[in-house]
Amino acid sequence: MQVRVLGCSGAIARDCRTTSFLIDGRILIDAGTGVGDLTLDEMQAVDDVFLTHSHLDHIAALPMMLDAVASRRAEPLRLHALPDTIAALQQHIFNDVIWPDFSRIPSQTRPFVRYLPLQVGQGLQVTGIDIEVLPARHTVPAVGYAVRGDTGWWVFSGDTGGSCPEFWQRVNRLPLAALVIETAFSNREGSLARLAQHLAPHALAEELAQLAPGQRCPIYITHTKPLETDLIMQEIRRFDASIPHGFAAPHDIRWLQAGDVFQV
């Protein structure tokens, strides 16, 4: 299974694109501004979009991607999300004010997009790939995802800032190939991180303490604010160098970048 990082930044700037991952060229996990780097043919090849939540940095490119290729598609795009996320899209985006309601055009029987509600803990298979919906804690209803590849499960936390032991309980039962987890703010912005329900490095340390010692896989840091990326990674490496939480060695922590491609 191939995972292509289209965007993983916590904000936009030159060379900074917000969250989106392309799985085997057919599935999008979130639809942030990184989707804009796909060609029209690549956009058309996407049949399924899985959203973690309704915030703009995770959905920004979805309306325009649909507009760009809808007329070329033979079947509706399948949009998978929590019922609350779908309701937010219908009320605030695809409402015929901000953007057309593509679930009704060109007709209700042949729409450009079809909504498929998800629930936490649900497992499904899409284009031959197993996907599981993981719990998350954020300011709006949110989830993470686990996607099974040939070497194990690729796990994405989504946006999360509050303690979510259920996430770790499930993750620790999966043979991990990679963990992608957000750390949006530096420790000096820790109070803002808590308010926005994002992680800062000190909170990341508390979260990783719940990862079973036997789970030895690369941990990729996503969603960093562009102005704070260097500081965030310095603070992460500083706490991890102390060999925390009973691990026999530091974690294998890496900064994720748009353009990275992984075989899982």
# chains A, B, ... in the order shown; residues from 1 in each chain; ligands from 1
>>> select_by_dssp(residues="range 175-251 of chain A", states="helix (DSSP H, G or I)", output="count of residues only")
33
>>> closest_residue(among="A:Ala203, A:Ser103, A:Ala184, A:Leu176", to="Cys164 in chain A", atoms="only C-alpha atoms")
A:Ala203
>>> residues_around(residues="Ala61 in chain A", least_positions_apart="6", cutoff="9 Å", atoms="only C-alpha atoms", output="PyMOL selection string")
chain A and resi 31-36
>>> write_last_selection(atoms="N, CA, C and O atoms", output="mmCIF file, in the first residue's frame")
data_model
loop_
_atom_site.group_PDB
_atom_site.id
_atom_site.type_symbol
_atom_site.label_atom_id
_atom_site.label_comp_id
_atom_site.auth_asym_id
_atom_site.auth_seq_id
_atom_site.Cartn_x
_atom_site.Cartn_y
_atom_site.Cartn_z
ATOM 1 N N ALA A 31 -9.036 16.276 3.153
ATOM 2 C CA ALA A 31 -8.985 16.955 1.856
ATOM 3 C C ALA A 31 -8.577 18.408 2.045
ATOM 4 O O ALA A 31 -9.263 19.328 1.617
ATOM 5 N N GLY A 32 -7.435 18.608 2.706
ATOM 6 C CA GLY A 32 -6.900 19.947 2.869
ATOM 7 C C GLY A 32 -6.292 20.485 1.593
ATOM 8 O O GLY A 32 -6.439 19.895 0.505
ATOM 9 N N THR A 33 -5.566 21.585 1.700
ATOM 10 C CA THR A 33 -5.084 22.280 0.504
ATOM 11 C C THR A 33 -4.086 21.468 -0.306
ATOM 12 O O THR A 33 -3.867 21.753 -1.481
ATOM 13 N N GLY A 34 -3.486 20.435 0.298
ATOM 14 C CA GLY A 34 -2.551 19.597 -0.441
ATOM 15 C C GLY A 34 -3.172 18.899 -1.623
ATOM 16 O O GLY A 34 -2.467 18.514 -2.572
ATOM 17 N N VAL A 35 -4.486 18.733 -1.622
ATOM 18 C CA VAL A 35 -5.172 18.098 -2.754
ATOM 19 C C VAL A 35 -4.942 18.888 -4.041
ATOM 20 O O VAL A 35 -4.949 18.336 -5.137
ATOM 21 N N GLY A 36 -4.700 20.184 -3.920
ATOM 22 C CA GLY A 36 -4.492 21.026 -5.093
ATOM 23 C C GLY A 36 -3.261 20.678 -5.896
ATOM 24 O O GLY A 36 -3.120 21.137 -7.040
#
>>> select_by_dssp(residues="range 94-196 of chain A", states="strand (DSSP E or B)", output="VMD selection string")
chain A and resid 106 111 113 to 117 123 to 126 129 to 135 143 to 148 153 to 156 176 to 182
>>> write_last_selection(atoms="C-alpha atoms", output="mmCIF file, in the first residue's frame")
data_model
loop_
_atom_site.group_PDB
_atom_site.id
_atom_site.type_symbol
_atom_site.label_atom_id
_atom_site.label_comp_id
_atom_site.auth_asym_id
_atom_site.auth_seq_id
_atom_site.Cartn_x
_atom_site.Cartn_y
_atom_site.Cartn_z
ATOM 1 C CA PRO A 106 -27.087 17.078 -11.426
ATOM 2 C CA PRO A 111 -25.454 13.135 -7.603
ATOM 3 C CA VAL A 113 -21.243 13.124 -4.136
ATOM 4 C CA ARG A 114 -22.840 10.585 -1.830
ATOM 5 C CA TYR A 115 -22.554 10.836 1.966
ATOM 6 C CA LEU A 116 -21.776 7.662 3.922
ATOM 7 C CA PRO A 117 -21.960 8.129 7.727
ATOM 8 C CA GLY A 123 -14.264 -1.312 10.121
ATOM 9 C CA LEU A 124 -14.772 -1.348 6.385
ATOM 10 C CA GLN A 125 -13.015 -2.395 3.221
ATOM 11 C CA VAL A 126 -12.663 0.073 0.362
ATOM 12 C CA ILE A 129 -8.064 -1.875 1.669
ATOM 13 C CA ASP A 130 -9.099 -2.350 5.300
ATOM 14 C CA ILE A 131 -9.850 0.895 7.181
ATOM 15 C CA GLU A 132 -10.862 1.271 10.819
ATOM 16 C CA VAL A 133 -12.380 4.387 12.431
ATOM 17 C CA LEU A 134 -10.502 5.367 15.605
ATOM 18 C CA PRO A 135 -11.651 7.606 18.472
ATOM 19 C CA VAL A 143 -11.945 10.578 14.488
ATOM 20 C CA GLY A 144 -8.633 9.101 13.455
ATOM 21 C CA TYR A 145 -8.049 6.243 11.027
ATOM 22 C CA ALA A 146 -6.088 3.009 10.819
ATOM 23 C CA VAL A 147 -5.348 1.654 7.341
ATOM 24 C CA ARG A 148 -3.892 -1.825 6.873
ATOM 25 C CA TRP A 153 -1.280 -0.666 10.050
ATOM 26 C CA TRP A 154 -0.716 2.969 9.146
ATOM 27 C CA VAL A 155 -2.400 4.979 11.918
ATOM 28 C CA PHE A 156 -3.378 8.654 11.788
ATOM 29 C CA LEU A 176 1.839 -0.858 13.643
ATOM 30 C CA ALA A 177 3.821 0.043 10.555
ATOM 31 C CA ALA A 178 3.698 3.810 11.191
ATOM 32 C CA LEU A 179 1.995 6.296 13.498
ATOM 33 C CA VAL A 180 1.156 9.807 12.305
ATOM 34 C CA ILE A 181 0.270 12.104 15.206
ATOM 35 C CA GLU A 182 -0.262 15.838 15.382
#
>>> atom_distance(atom1="CA of Ser54 in chain A", atom2="CA of Thr85 in chain A")
5.2 Å
>>> atom_distance(atom1="CA of Val3 in chain A", atom2="CA of Leu40 in chain A")
18.9 Å
>>> residues_around(residues="Lys225 in chain A", least_positions_apart="3", cutoff="6 Å", atoms="only C-alpha atoms", output="VMD selection string")
chain A and resid 10 to 11 184 228 to 229
>>> atom_distance(atom1="CA of Gln119 in chain A", atom2="CA of Pro83 in chain A")
8.0 Å
>>> closest_atom_pairs(of="range 149-188 of chain A", to="range 193-197 of chain A", cutoff="10 Å", atoms="only C-alpha atoms", output="CSV")
residue,atom,partner,partner_atom,distance
A:Asp159,CA,A:Gln197,CA,7.9
A:Thr160,CA,A:Gln197,CA,6.1
A:Gly161,CA,A:Gln197,CA,3.9
A:Gly162,CA,A:Gln197,CA,5.9
A:Ser163,CA,A:Gln197,CA,9.6
A:Thr183,CA,A:Ala193,CA,9.0
A:Ala184,CA,A:Ala193,CA,7.3
A:Phe185,CA,A:Ala193,CA,6.0
A:Ser186,CA,A:Ala193,CA,8.3
A:Asn187,CA,A:Ala193,CA,8.6
A:Arg188,CA,A:Ala193,CA,9.5
